[in-house]
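Source file: coords-v8.cif; contents: mmCIF, C-alpha atoms.
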```
data_my_file
loop_
_atom_site.label_atom_id
_atom_site.label_comp_id
_atom_site.auth_asym_id
_atom_site.auth_seq_id
_atom_site.Cartn_x
_atom_site.Cartn_y
_atom_site.Cartn_z
CA MET A 1 11.54 52.04 60.41
CA LEU A 2 12.40 54.73 57.93
CA ILE A 3 9.69 53.77 55.47
CA PRO A 4 6.05 53.62 56.54
CA HIS A 5 4.48 50.16 56.38
CA LYS A 6 2.06 51.01 53.59
CA TYR A 7 4.98 51.92 51.30
CA HIS A 8 6.81 48.64 51.82
CA PRO A 9 5.44 46.81 48.76
CA PRO A 10 6.27 49.52 46.20
CA VAL A 11 9.68 50.01 47.72
CA VAL A 12 10.42 46.29 47.70
CA ALA A 13 9.14 46.06 44.14
CA ALA A 14 11.30 48.94 43.06
CA VAL A 15 14.35 47.45 44.74
CA LEU A 16 13.84 44.05 43.16
CA LEU A 17 13.22 45.56 39.74
CA ILE A 18 16.33 47.67 40.06
CA ILE A 19 18.31 44.59 41.07
CA SER A 20 17.07 42.68 38.05
CA LEU A 21 17.76 45.58 35.69
CA THR A 22 21.22 45.89 37.20
CA VAL A 23 21.81 42.21 36.58
CA ILE A 24 20.70 42.64 32.97
CA SER A 25 22.98 45.59 32.37
CA TYR A 26 25.84 43.90 34.20
CA SER A 27 25.51 40.69 32.21
CA ALA A 28 25.11 42.65 28.98
CA SER A 29 28.37 44.42 29.60
CA ARG A 30 30.27 41.24 30.61
CA LEU A 31 28.93 38.64 28.23
CA SER A 32 31.96 36.40 28.34
CA GLU A 33 31.94 35.75 32.05
CA THR A 34 29.65 33.46 34.00
CA GLY A 35 28.87 34.67 37.48
CA PHE A 36 29.54 32.61 40.57
CA LEU A 37 25.89 32.14 41.47
CA ARG A 38 25.04 31.17 37.95
CA LYS A 39 27.87 28.63 37.96
CA MET A 40 26.52 27.20 41.19
CA VAL A 41 23.04 26.87 39.78
CA LEU A 42 24.37 25.25 36.63
CA GLU A 43 26.50 22.89 38.70
CA ALA A 44 23.51 21.97 40.86
CA ALA A 45 21.15 21.63 37.95
CA ALA A 46 23.40 19.61 35.67
CA PRO A 47 23.26 16.29 37.59
CA VAL A 48 19.53 16.63 38.14
CA GLU A 49 18.96 17.40 34.47
CA ASP A 50 21.23 14.53 33.55
CA ALA A 51 19.32 12.14 35.82
CA VAL A 52 15.99 13.33 34.46
CA ASN A 53 17.21 13.08 30.89
CA VAL A 54 18.63 9.60 31.46
CA SER A 55 15.29 8.51 32.90
CA LEU A 56 13.45 10.14 30.02
CA LYS A 57 15.79 8.54 27.54
CA GLY A 58 15.11 5.18 29.18
CA LEU A 59 11.39 5.81 28.94
CA HIS A 60 11.76 7.01 25.39
CA ASP A 61 13.76 3.91 24.46
CA SER A 62 11.21 1.67 26.16
CA TRP A 63 8.44 3.42 24.29
CA LYS A 64 10.30 3.03 21.03
CA ARG A 65 10.84 -0.65 21.77
CA TYR A 66 7.15 -0.97 22.58
CA LEU A 67 6.27 0.74 19.30
CA PHE A 68 8.72 -1.56 17.57
CA LEU A 69 6.97 -4.53 19.15
CA VAL A 70 3.61 -3.13 18.07
CA GLY A 71 5.05 -2.78 14.57
CA LEU A 72 6.37 -6.30 14.84
CA GLU A 73 2.95 -7.57 15.77
CA ASP A 74 1.46 -5.76 12.77
CA GLU A 75 4.14 -7.19 10.54
CA ASN A 76 3.55 -10.63 11.99
CA ARG A 77 -0.18 -10.33 11.35
CA ARG A 78 0.49 -9.13 7.81
CA LEU A 79 2.93 -11.97 7.17
CA ARG A 80 0.48 -14.51 8.58
CA HIS A 81 -2.18 -13.13 6.29
CA GLY A 82 0.25 -13.28 3.36
CA ASN A 83 1.17 -16.81 4.33
CA ALA A 84 -2.49 -17.83 4.42
CA VAL A 85 -3.07 -16.27 1.00
CA LEU A 86 -0.01 -17.99 -0.44
CA SER A 87 -0.98 -21.32 1.12
CA GLU A 88 -4.40 -20.96 -0.43
CA GLN A 89 -2.82 -20.18 -3.79
CA LEU A 90 -0.45 -23.09 -3.42
CA ASN A 91 -3.38 -25.39 -2.64
CA HIS A 92 -5.17 -23.99 -5.63
CA TYR A 93 -2.22 -24.68 -7.90
CA ARG A 94 -1.62 -28.09 -6.38
CA GLU A 95 -5.26 -28.93 -6.92
CA GLY A 96 -4.95 -27.73 -10.49
CA TYR A 97 -1.86 -29.88 -10.96
CA ILE A 98 -3.57 -32.97 -9.55
CA GLU A 99 -6.62 -32.26 -11.66
CA GLY A 100 -4.36 -31.89 -14.67
CA MET A 101 -2.78 -35.26 -13.91
CA ARG A 102 -6.21 -36.89 -13.63
CA LEU A 103 -7.38 -35.27 -16.82
CA GLN A 104 -4.19 -36.42 -18.51
CA LYS A 105 -5.00 -39.99 -17.51
CA LEU A 106 -8.54 -39.54 -18.74
CA LEU A 107 -7.16 -38.15 -21.97
CA ASN A 108 -4.91 -41.14 -22.34
CA LEU A 109 -7.93 -43.38 -21.79
CA LYS A 110 -9.90 -41.33 -24.27
CA ASP A 111 -7.15 -41.75 -26.85
CA SER A 112 -7.14 -45.49 -26.31
CA LEU A 113 -10.86 -45.75 -26.94
CA THR A 114 -12.34 -45.90 -30.41
CA ASN A 115 -15.68 -44.51 -29.27
CA ARG A 116 -16.48 -40.87 -28.92
CA VAL A 117 -16.31 -39.82 -25.29
CA VAL A 118 -17.60 -36.92 -23.23
CA ALA A 119 -15.69 -35.85 -20.15
CA ALA A 120 -17.84 -34.98 -17.17
CA ARG A 121 -17.27 -33.79 -13.65
CA VAL A 122 -18.80 -35.60 -10.70
CA VAL A 123 -20.99 -33.04 -8.97
CA ASP A 124 -22.59 -35.21 -6.32
CA ARG A 125 -22.42 -38.69 -4.97
CA ASN A 126 -25.18 -40.54 -3.18
CA ARG A 127 -23.52 -41.89 -0.09
CA ALA A 128 -26.36 -42.85 2.19
CA SER A 129 -28.88 -43.99 -0.36
CA LEU A 130 -29.68 -47.59 -1.04
CA PHE A 131 -28.77 -46.92 -4.63
CA LYS A 132 -25.15 -46.36 -5.39
CA THR A 133 -25.22 -43.52 -7.85
CA ILE A 134 -23.31 -40.40 -8.75
CA LEU A 135 -24.40 -37.23 -10.51
CA ILE A 136 -22.35 -35.85 -13.39
CA ASP A 137 -22.55 -32.42 -15.00
CA LYS A 138 -23.30 -33.53 -18.54
CA GLY A 139 -26.77 -34.30 -19.86
CA THR A 140 -28.73 -34.73 -23.07
CA ALA A 141 -27.49 -31.38 -24.31
CA ASP A 142 -24.02 -32.93 -24.39
CA GLY A 143 -25.20 -36.12 -26.05
CA MET A 144 -25.79 -38.21 -22.95
CA ARG A 145 -28.38 -40.95 -23.14
CA VAL A 146 -29.64 -43.60 -20.71
CA GLY A 147 -27.51 -46.71 -20.81
CA PHE A 148 -24.26 -45.07 -21.87
CA PRO A 149 -21.27 -46.57 -20.07
CA VAL A 150 -19.20 -44.39 -17.81
CA LEU A 151 -15.49 -44.93 -17.19
CA SER A 152 -12.67 -43.45 -15.25
CA GLU A 153 -8.94 -43.87 -15.77
CA GLN A 154 -9.10 -46.72 -13.23
CA GLY A 155 -11.82 -48.69 -14.99
CA VAL A 156 -15.57 -49.01 -15.41
CA VAL A 157 -17.66 -46.76 -13.19
CA GLY A 158 -21.17 -47.73 -14.20
CA ARG A 159 -23.85 -46.64 -16.65
CA ILE A 160 -26.19 -43.72 -17.04
CA ILE A 161 -29.69 -44.36 -15.72
CA GLU A 162 -31.22 -40.87 -15.74
CA THR A 163 -30.53 -37.86 -17.89
CA ALA A 164 -31.52 -34.25 -17.72
CA TRP A 165 -30.40 -31.49 -20.09
CA HIS A 166 -27.22 -30.75 -18.22
CA ALA A 167 -26.88 -33.53 -15.67
CA SER A 168 -27.01 -37.29 -15.60
CA GLN A 169 -27.24 -39.92 -12.92
CA VAL A 170 -24.85 -42.82 -13.12
CA LEU A 171 -25.60 -46.18 -11.57
CA LEU A 172 -22.36 -47.41 -10.10
CA LEU A 173 -20.87 -50.80 -10.65
CA VAL A 174 -21.38 -51.67 -6.99
CA ASP A 175 -25.12 -51.01 -6.95
CA GLY A 176 -27.25 -54.10 -6.54
CA ASN A 177 -29.11 -53.28 -9.76
CA SER A 178 -25.91 -53.22 -11.81
CA ASN A 179 -25.24 -56.28 -13.92
CA ILE A 180 -22.32 -56.22 -16.34
CA ASP A 181 -21.18 -59.05 -18.53
CA GLY A 182 -17.60 -59.82 -17.53
CA LEU A 183 -14.83 -62.35 -17.96
CA ILE A 184 -11.80 -63.51 -16.08
CA GLN A 185 -8.78 -62.24 -17.98
CA ARG A 186 -6.57 -65.23 -17.22
CA SER A 187 -9.05 -68.08 -17.72
CA ARG A 188 -11.49 -66.26 -20.08
CA ALA A 189 -14.36 -67.65 -17.99
CA GLN A 190 -17.44 -65.50 -18.49
CA GLY A 191 -20.03 -64.45 -15.93
CA ILE A 192 -22.21 -61.59 -14.75
CA LEU A 193 -20.68 -59.02 -12.43
CA GLN A 194 -23.38 -57.91 -10.04
CA GLY A 195 -23.03 -55.07 -7.55
CA ALA A 196 -23.11 -55.91 -3.86
CA GLY A 197 -23.13 -52.45 -2.30
CA SER A 198 -20.35 -51.70 0.09
CA ALA A 199 -19.09 -55.28 -0.21
CA GLY A 200 -18.06 -54.58 -3.79
CA CYS A 201 -19.29 -56.98 -6.53
CA ASN A 202 -19.96 -60.63 -7.11
CA LEU A 203 -19.08 -62.43 -10.27
CA LYS A 204 -21.91 -64.87 -10.89
CA TYR A 205 -22.52 -67.82 -13.09
CA ILE A 206 -18.94 -69.05 -13.21
CA SER A 207 -18.94 -72.83 -13.25
CA ARG A 208 -17.37 -74.65 -10.34
CA VAL A 209 -15.00 -76.35 -12.67
CA GLU A 210 -13.42 -73.10 -13.80
CA GLU A 211 -10.19 -72.22 -12.05
CA VAL A 212 -10.54 -68.76 -10.54
CA LEU A 213 -7.99 -67.40 -8.12
CA PRO A 214 -7.88 -64.30 -5.93
CA GLY A 215 -6.08 -61.58 -7.86
CA ASP A 216 -7.54 -62.55 -11.19
CA VAL A 217 -8.51 -59.53 -13.23
CA VAL A 218 -12.10 -59.18 -14.34
CA LEU A 219 -12.78 -57.36 -17.64
CA SER A 220 -15.89 -56.42 -19.53
CA SER A 221 -16.74 -59.07 -22.10
CA GLY A 222 -18.49 -56.72 -24.53
CA LEU A 223 -21.28 -59.23 -25.07
CA ALA A 224 -24.23 -57.21 -23.89
CA GLY A 225 -23.30 -54.37 -26.21
CA VAL A 226 -23.26 -51.72 -23.47
CA PHE A 227 -19.60 -51.82 -22.41
CA PRO A 228 -16.87 -52.30 -24.98
CA LYS A 229 -14.78 -55.41 -24.54
CA GLY A 230 -11.68 -55.36 -22.36
CA LEU A 231 -12.52 -52.58 -19.88
CA LEU A 232 -11.26 -53.19 -16.38
CA LEU A 233 -14.02 -54.03 -13.92
CA GLY A 234 -12.16 -55.26 -10.86
CA VAL A 235 -10.02 -57.87 -9.22
CA VAL A 236 -11.10 -61.15 -7.66
CA THR A 237 -10.65 -61.01 -3.92
CA LYS A 238 -12.24 -64.23 -2.74
CA VAL A 239 -13.35 -67.47 -4.34
CA SER A 240 -15.65 -69.96 -2.63
CA ARG A 241 -16.79 -73.33 -3.86
CA LYS A 242 -18.50 -74.35 -0.64
CA GLY A 243 -22.09 -75.40 -0.63
CA GLU A 244 -24.10 -77.09 -3.26
CA GLY A 245 -24.80 -75.63 -6.62
CA LEU A 246 -23.35 -75.30 -10.07
CA PHE A 247 -21.48 -72.05 -9.63
CA GLN A 248 -18.71 -70.62 -7.55
CA LYS A 249 -19.12 -67.64 -5.29
CA ILE A 250 -16.59 -65.03 -6.42
CA ASP A 251 -16.09 -61.69 -4.68
CA VAL A 252 -14.67 -58.91 -6.81
CA ALA A 253 -13.25 -55.60 -5.65
CA PRO A 254 -14.12 -52.89 -8.16
CA ALA A 255 -11.14 -51.30 -9.88
CA VAL A 256 -12.52 -47.82 -9.31
CA ASP A 257 -12.32 -46.08 -5.97
CA PHE A 258 -15.77 -44.51 -6.06
CA GLY A 259 -15.11 -42.38 -3.01
CA LYS A 260 -12.39 -40.44 -4.86
CA LEU A 261 -14.09 -40.14 -8.20
CA GLU A 262 -13.98 -36.59 -9.57
CA GLU A 263 -13.94 -36.77 -13.36
CA VAL A 264 -15.37 -39.47 -15.60
CA LEU A 265 -15.72 -40.24 -19.27
CA ALA A 266 -19.06 -41.18 -20.77
CA LEU A 267 -18.73 -43.42 -23.79
CA ILE A 268 -20.99 -42.57 -26.69
CA PRO A 269 -21.57 -45.80 -28.60
CA ASP A 270 -21.30 -45.88 -32.35
CA ALA A 271 -24.53 -44.94 -34.07
CA GLY A 272 -24.95 -48.47 -35.37
CA ALA A 273 -24.29 -50.08 -32.03
CA GLU A 274 -26.61 -47.65 -30.25
CA LYS A 275 -29.46 -48.69 -32.45
CA MET B 276 13.67 27.82 58.60
CA ILE B 277 14.18 24.57 56.76
CA HIS B 278 11.26 25.58 54.56
CA TYR B 279 13.13 28.61 53.28
CA LEU B 280 16.12 26.45 52.41
CA LEU B 281 14.08 23.82 50.67
CA LEU B 282 11.95 26.21 48.68
CA PRO B 283 14.74 27.45 46.36
CA MET B 284 15.67 23.84 45.65
CA LEU B 285 12.09 23.04 44.80
CA LEU B 286 11.95 26.07 42.54
CA LEU B 287 15.11 24.94 40.79
CA LEU B 288 13.62 21.47 40.44
CA LEU B 289 10.49 22.99 38.96
CA VAL B 290 12.54 24.87 36.36
CA ILE B 291 14.49 21.72 35.51
CA VAL B 292 11.29 19.70 35.18
CA GLN B 293 9.82 22.47 33.05
CA PHE B 294 12.71 22.31 30.62
CA THR B 295 13.08 18.55 30.52
CA ILE B 296 9.83 16.69 31.05
CA LEU B 297 7.28 19.31 30.09
CA GLU B 298 9.11 20.12 26.88
CA LEU B 299 8.33 16.60 25.73
CA PHE B 300 4.63 17.45 25.72
CA SER B 301 5.10 20.63 23.76
CA PHE B 302 6.83 18.78 20.90
CA GLY B 303 9.44 21.54 20.66
CA TRP B 304 6.86 24.06 19.52
CA ILE B 305 5.98 26.04 22.61
CA GLY B 306 7.14 26.01 26.19
CA ILE B 307 4.76 25.02 28.96
CA GLU B 308 5.74 27.73 31.39
CA ILE B 309 4.58 26.42 34.74
CA SER B 310 7.01 28.84 36.43
CA LEU B 311 4.92 31.76 35.18
CA ILE B 312 1.80 30.24 36.74
CA VAL B 313 3.76 29.90 39.99
CA VAL B 314 4.70 33.59 39.83
CA VAL B 315 1.06 34.59 39.30
CA TYR B 316 0.06 32.30 42.17
CA LEU B 317 2.69 33.92 44.38
CA GLY B 318 1.37 37.32 43.37
CA PHE B 319 -2.13 36.34 44.45
CA HIS B 320 -1.15 34.67 47.70
CA LEU B 321 2.09 36.08 49.12
CA ASP B 322 3.21 39.44 50.37
CA ALA B 323 5.44 41.75 48.38
CA LEU B 324 8.73 40.83 50.00
CA ARG B 325 8.55 37.04 50.14
CA GLY B 326 6.70 36.69 46.86
CA GLY B 327 8.98 39.18 45.17
CA LEU B 328 12.09 37.38 46.36
CA LEU B 329 10.75 33.99 45.29
CA SER B 330 9.83 35.40 41.88
CA LEU B 331 13.27 36.91 41.56
CA LEU B 332 14.78 33.56 42.48
CA LEU B 333 12.60 31.72 40.00
CA GLY B 334 13.58 34.20 37.30
CA PHE B 335 17.20 33.77 38.28
CA PHE B 336 17.01 29.99 37.89
CA LEU B 337 15.29 30.38 34.57
CA ASP B 338 17.94 32.85 33.45
CA CYS B 339 20.69 30.51 34.58
CA LEU B 340 19.36 27.58 32.65
CA THR B 341 17.83 29.09 29.58
CA SER B 342 18.01 32.79 29.00
CA ALA B 343 20.41 34.30 26.53
CA ILE B 344 19.98 37.60 28.35
CA PHE B 345 20.85 37.06 31.94
CA GLY B 346 18.43 38.89 34.23
CA LEU B 347 15.61 39.15 31.71
CA TYR B 348 13.40 36.59 33.41
CA MET B 349 14.27 38.00 36.81
CA PHE B 350 12.97 41.35 35.66
CA LEU B 351 9.91 39.91 33.94
CA TYR B 352 8.94 37.65 36.82
CA VAL B 353 9.31 40.39 39.41
CA LEU B 354 7.19 42.64 37.21
CA ILE B 355 4.53 39.99 36.71
CA PHE B 356 4.57 39.16 40.39
CA TYR B 357 3.82 42.76 41.39
CA LEU B 358 1.19 43.06 38.71
CA SER B 359 -0.47 39.91 40.08
CA ASN B 360 -0.02 41.19 43.60
CA ILE B 361 -1.82 44.41 42.79
CA VAL B 362 -4.61 42.62 40.91
CA GLY B 363 -4.89 39.96 43.64
CA GLY B 364 -5.32 42.67 46.25
CA LYS B 365 -8.22 44.28 44.41
CA ILE B 366 -10.29 41.32 43.17
CA TYR B 367 -11.29 37.90 44.40
CA ALA B 368 -8.98 35.65 42.45
CA GLY B 369 -10.70 32.35 43.09
CA LYS B 370 -12.62 31.86 39.88
CA PRO B 371 -10.92 29.55 37.37
CA ALA B 372 -11.94 31.73 34.43
CA LEU B 373 -10.34 34.77 35.99
CA ILE B 374 -7.19 32.86 36.88
CA ALA B 375 -6.96 31.45 33.37
CA SER B 376 -7.52 34.76 31.60
CA PHE B 377 -5.17 36.70 33.88
CA THR B 378 -2.41 34.09 33.55
CA ALA B 379 -2.84 34.08 29.78
CA LEU B 380 -2.64 37.88 29.82
CA CYS B 381 0.57 37.72 31.87
CA ALA B 382 2.03 35.18 29.44
CA LEU B 383 1.17 37.48 26.55
CA LEU B 384 2.68 40.44 28.38
CA GLU B 385 5.82 38.42 28.99
CA GLY B 386 6.04 37.50 25.32
CA LEU B 387 5.46 41.05 24.24
CA MET B 388 8.15 42.35 26.58
CA ILE B 389 10.64 39.78 25.31
CA VAL B 390 9.87 40.87 21.74
CA LEU B 391 10.25 44.53 22.66
CA PHE B 392 13.43 43.82 24.56
CA TYR B 393 14.94 42.03 21.60
CA ARG B 394 13.85 44.84 19.30
CA PHE B 395 15.20 47.73 21.33
CA VAL B 396 18.27 46.10 22.85
CA PHE B 397 19.45 43.79 20.07
CA GLY B 398 17.60 45.32 17.15
CA ALA B 399 16.19 41.92 16.31
CA ASP B 400 12.68 41.74 14.83
CA ILE B 401 10.88 38.73 16.28
CA LEU B 402 7.35 40.07 16.00
CA GLY B 403 6.38 36.91 14.12
CA ALA B 404 6.93 34.94 17.33
CA ILE B 405 3.89 36.58 18.94
CA PRO B 406 1.19 34.76 16.92
CA LYS B 407 3.30 31.68 16.33
CA ILE B 408 4.67 31.07 19.82
CA PHE B 409 3.50 33.46 22.47
CA VAL B 410 -0.23 33.40 21.76
CA PRO B 411 -0.49 29.58 21.76
CA GLN B 412 1.80 29.51 24.78
CA ALA B 413 -0.47 31.98 26.58
CA VAL B 414 -3.52 29.85 25.74
CA VAL B 415 -1.85 26.68 27.03
CA VAL B 416 -0.60 28.35 30.20
CA GLY B 417 -4.01 29.96 30.73
CA CYS B 418 -5.75 26.63 30.37
CA LEU B 419 -3.37 24.91 32.75
CA SER B 420 -3.39 27.64 35.37
CA PRO B 421 -6.62 26.76 37.27
CA LEU B 422 -5.41 23.19 37.76
CA CYS B 423 -1.96 24.40 38.76
CA PHE B 424 -3.52 26.85 41.21
CA ILE B 425 -5.39 23.99 42.89
CA LEU B 426 -2.20 21.91 43.09
CA LEU B 427 -0.18 24.86 44.36
CA HIS B 428 -2.81 25.61 46.96
CA ARG B 429 -2.67 22.02 48.20
CA PHE B 430 1.10 22.22 48.24
CA GLU B 431 0.90 25.45 50.21
CA VAL B 432 -1.44 23.87 52.75
CA PHE B 433 0.90 20.92 53.08
CA TRP B 434 3.91 23.23 53.28
CA HIS B 435 2.48 25.32 56.09
CA VAL B 436 0.75 22.57 58.01
CA GLU B 437 2.94 23.21 61.00
CA ASP B 438 3.33 26.89 60.35
CA ARG B 439 0.89 28.71 62.62
CA ARG B 440 1.25 32.09 61.01
CA PRO B 441 -1.77 34.38 61.27
CA ALA B 442 -3.89 34.60 58.16
CA ARG B 443 -2.82 37.18 55.64
CA ARG B 444 -4.77 40.37 55.68
CA ILE B 445 -6.20 41.28 52.29
#
```
Encoding of this model in structure tokens:
Amino acid sequence: MLIPHKYHPPVVAAVLLIISLTVISYSASRLSETGFLRKMVLEAAAPVEDAVNVSLKGLHDSWKRYLFLVGLEDENRRLRHGNAVLSEQLNHYREGYIEGMRLQKLLNLKDSLTNRVVAARVVDRNRASLFKTILIDKGTADGMRVGFPVLSEQGVVGRIIETAWHASQVLLLVDGNSNIDGLIQRSRAQGILQGAGSAGCNLKYISRVEEVLPGDVVLSSGLAGVFPKGLLLGVVTKVSRKGEGLFQKIDVAPAVDFGKLEEVLALIPDAGAEK
Amino acid sequence: MIHYLLLPMLLLLLVIVQFTILELFSFGWIGIEISLIVVVYLGFHLDALRGGLLSLLLGFFLDCLTSAIFGLYMFLYVLIFYLSNIVGGKIYAGKPALIASFTALCALLEGLMIVLFYRFVFGADILGAIPKIFVPQAVVVGCLSPLCFILLHRFEVFWHVEDRRPARRI
């Protein structure tokens, strides 16, 4: 060995540094040419780099697709939300339209009546109670008084039995305490229409000799002074002359569907009639 | 013998990975120079001849694939290797903080030498690259170096599991 062992590292370092500096100066002087070793490295590296890049591109594409799906989910959620909002709006408008139609019918009824009327909204209905009543949002402040008749576009609803300043309770036609003077439209036979709860109403005090048929229309007679004459009360559903007695048993289905009642008209009688 | 044939391929693979996969994590801003950490590791753990040759080879691969000045990385890596070799022979290079700070220093030195090289050889002024690129790069490389040292040590143990060479005298 020409060089002592302890000088090996600096000598090796110097040699390697000289080699690298030589490479720099050589490559600087011959910029246009690519050396053989460099070509080999590039040749060896190119397929590997290509494979890695293809894999990365695949990963990148997958990631982008995943992000796209995430975006799609967001968009879907947003669209669902938008759909819910629009559905709600549509319901709102539909409800408004239906309400408008109902109010139009009420208005038509109002126009056909000579009495002054007050439109009221049904705010509560007593379903379970023994008494068949509804609560409306108009009271004495709006001119409501006990005994005033209440109508809907379908026919007679009942009459007011309690009043507060801004609410009134209406006794429905079907309540057992309700008695309205009525007549059969076809035969003009007069009787008293009494409520029978969920069974509807009974038309009482019609003589057995009167011809009453199912389907006959029952109207208010206007005799008691509470309901004007000619308001629709219901339709005869069943007539029975069985048993002894002077009168027939007549079942009447009320004209009004009380379960769907939303707006009503309260009739304010003429001042003279009220007295 | 097969080890000495496989090692250059692994080094080439490392350089390829460094310039394909690791670049994704740097968002095109700075390079994550794992090869520099490898050179520092070699400086701490290998003798002058083998470590120097491997560093030269690593620099060569880097020059082949990236450098505009062929031989620049060969020179820099050999220089950094011997610097690490000298430092590794004088201190106990097992503490992560020391590894991190020394690697960051080497990265800074590398950046500075590239800037100087460009200035004196090409007359190009790229001093602005020091705070913008080389300092953050040095910080990243410094932070990664302790982890890389652990991984490299495990790789070295695995690599020489059948190699019954006597322990290196420090």
Expected selection from the PyMOL selection byres ((chain A) within 12 of (chain B)), given as a PyMOL selection string:
chain A and resi 5-57+59-60
Please dump the current selection as a PDB file, keeping the file's coordinate frame; keep C-alpha atoms.
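Generated file (selection.pdb):
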```pdb
ATOM      1  CA  HIS A   5       4.480  50.160  56.380  1.00  0.00           C
ATOM      2  CA  LYS A   6       2.060  51.010  53.590  1.00  0.00           C
ATOM      3  CA  TYR A   7       4.980  51.920  51.300  1.00  0.00           C
ATOM      4  CA  HIS A   8       6.810  48.640  51.820  1.00  0.00           C
ATOM      5  CA  PRO A   9       5.440  46.810  48.760  1.00  0.00           C
ATOM      6  CA  PRO A  10       6.270  49.520  46.200  1.00  0.00           C
ATOM      7  CA  VAL A  11       9.680  50.010  47.720  1.00  0.00           C
ATOM      8  CA  VAL A  12      10.420  46.290  47.700  1.00  0.00           C
ATOM      9  CA  ALA A  13       9.140  46.060  44.140  1.00  0.00           C
ATOM     10  CA  ALA A  14      11.300  48.940  43.060  1.00  0.00           C
ATOM     11  CA  VAL A  15      14.350  47.450  44.740  1.00  0.00           C
ATOM     12  CA  LEU A  16      13.840  44.050  43.160  1.00  0.00           C
ATOM     13  CA  LEU A  17      13.220  45.560  39.740  1.00  0.00           C
ATOM     14  CA  ILE A  18      16.330  47.670  40.060  1.00  0.00           C
ATOM     15  CA  ILE A  19      18.310  44.590  41.070  1.00  0.00           C
ATOM     16  CA  SER A  20      17.070  42.680  38.050  1.00  0.00           C
ATOM     17  CA  LEU A  21      17.760  45.580  35.690  1.00  0.00           C
ATOM     18  CA  THR A  22      21.220  45.890  37.200  1.00  0.00           C
ATOM     19  CA  VAL A  23      21.810  42.210  36.580  1.00  0.00           C
ATOM     20  CA  ILE A  24      20.700  42.640  32.970  1.00  0.00           C
ATOM     21  CA  SER A  25      22.980  45.590  32.370  1.00  0.00           C
ATOM     22  CA  TYR A  26      25.840  43.900  34.200  1.00  0.00           C
ATOM     23  CA  SER A  27      25.510  40.690  32.210  1.00  0.00           C
ATOM     24  CA  ALA A  28      25.110  42.650  28.980  1.00  0.00           C
ATOM     25  CA  SER A  29      28.370  44.420  29.600  1.00  0.00           C
ATOM     26  CA  ARG A  30      30.270  41.240  30.610  1.00  0.00           C
ATOM     27  CA  LEU A  31      28.930  38.640  28.230  1.00  0.00           C
ATOM     28  CA  SER A  32      31.960  36.400  28.340  1.00  0.00           C
ATOM     29  CA  GLU A  33      31.940  35.750  32.050  1.00  0.00           C
ATOM     30  CA  THR A  34      29.650  33.460  34.000  1.00  0.00           C
ATOM     31  CA  GLY A  35      28.870  34.670  37.480  1.00  0.00           C
ATOM     32  CA  PHE A  36      29.540  32.610  40.570  1.00  0.00           C
ATOM     33  CA  LEU A  37      25.890  32.140  41.470  1.00  0.00           C
ATOM     34  CA  ARG A  38      25.040  31.170  37.950  1.00  0.00           C
ATOM     35  CA  LYS A  39      27.870  28.630  37.960  1.00  0.00           C
ATOM     36  CA  MET A  40      26.520  27.200  41.190  1.00  0.00           C
ATOM     37  CA  VAL A  41      23.040  26.870  39.780  1.00  0.00           C
ATOM     38  CA  LEU A  42      24.370  25.250  36.630  1.00  0.00           C
ATOM     39  CA  GLU A  43      26.500  22.890  38.700  1.00  0.00           C
ATOM     40  CA  ALA A  44      23.510  21.970  40.860  1.00  0.00           C
ATOM     41  CA  ALA A  45      21.150  21.630  37.950  1.00  0.00           C
ATOM     42  CA  ALA A  46      23.400  19.610  35.670  1.00  0.00           C
ATOM     43  CA  PRO A  47      23.260  16.290  37.590  1.00  0.00           C
ATOM     44  CA  VAL A  48      19.530  16.630  38.140  1.00  0.00           C
ATOM     45  CA  GLU A  49      18.960  17.400  34.470  1.00  0.00           C
ATOM     46  CA  ASP A  50      21.230  14.530  33.550  1.00  0.00           C
ATOM     47  CA  ALA A  51      19.320  12.140  35.820  1.00  0.00           C
ATOM     48  CA  VAL A  52      15.990  13.330  34.460  1.00  0.00           C
ATOM     49  CA  ASN A  53      17.210  13.080  30.890  1.00  0.00           C
ATOM     50  CA  VAL A  54      18.630   9.600  31.460  1.00  0.00           C
ATOM     51  CA  SER A  55      15.290   8.510  32.900  1.00  0.00           C
ATOM     52  CA  LEU A  56      13.450  10.140  30.020  1.00  0.00           C
ATOM     53  CA  LYS A  57      15.790   8.540  27.540  1.00  0.00           C
ATOM     54  CA  LEU A  59      11.390   5.810  28.940  1.00  0.00           C
ATOM     55  CA  HIS A  60      11.760   7.010  25.390  1.00  0.00           C
TER      56      HIS A  60
END
```
Give me the result of the PyMOL selection byres ((chain A and resi 112-128) around 9) on this file, residue by residue, as a ChimeraX atom specification.
/A:103,106-111,129-138,142-144,167,228,258-259,261-270
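For the atom pair formed by CA of Pro149 in chain A and CA of Gly215 in chain A, the distance is 24.6 Å, given to one decimal.
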Please check which residues have atoms at most 8 Å from (-12.1, -71.8, -5.0) in the file's coordinates, counting only C-alpha atoms, and write them as a compact mmCIF listing (two decimals) with C-alpha atoms, in the frame of the given file.
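Okay, this is what ended up in selection39.txt:
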```txt
# COMPACT_ATOMS: atom_id res chain seq x y z
CA GLU A 211 -10.19 -72.22 -12.05
CA VAL A 212 -10.54 -68.76 -10.54
CA LEU A 213 -7.99 -67.40 -8.12
CA LYS A 238 -12.24 -64.23 -2.74
CA VAL A 239 -13.35 -67.47 -4.34
CA SER A 240 -15.65 -69.96 -2.63
CA ARG A 241 -16.79 -73.33 -3.86
CA GLN A 248 -18.71 -70.62 -7.55
```
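Protein, DNA and RNA residues at most 12 Å from (5.5, 35.1, 18.3), with only C-alpha atoms, are these: Trp304, Ile305, Ala382, Leu383, Leu384, Glu385, Gly386, Leu387, Met388, Ile389, Val390, Leu391, Asp400, Ile401, Leu402, Gly403, Ala404, Ile405, Pro406, Lys407, Ile408, Phe409, Val410, Pro411, Gln412 and Ala413 of chain B.
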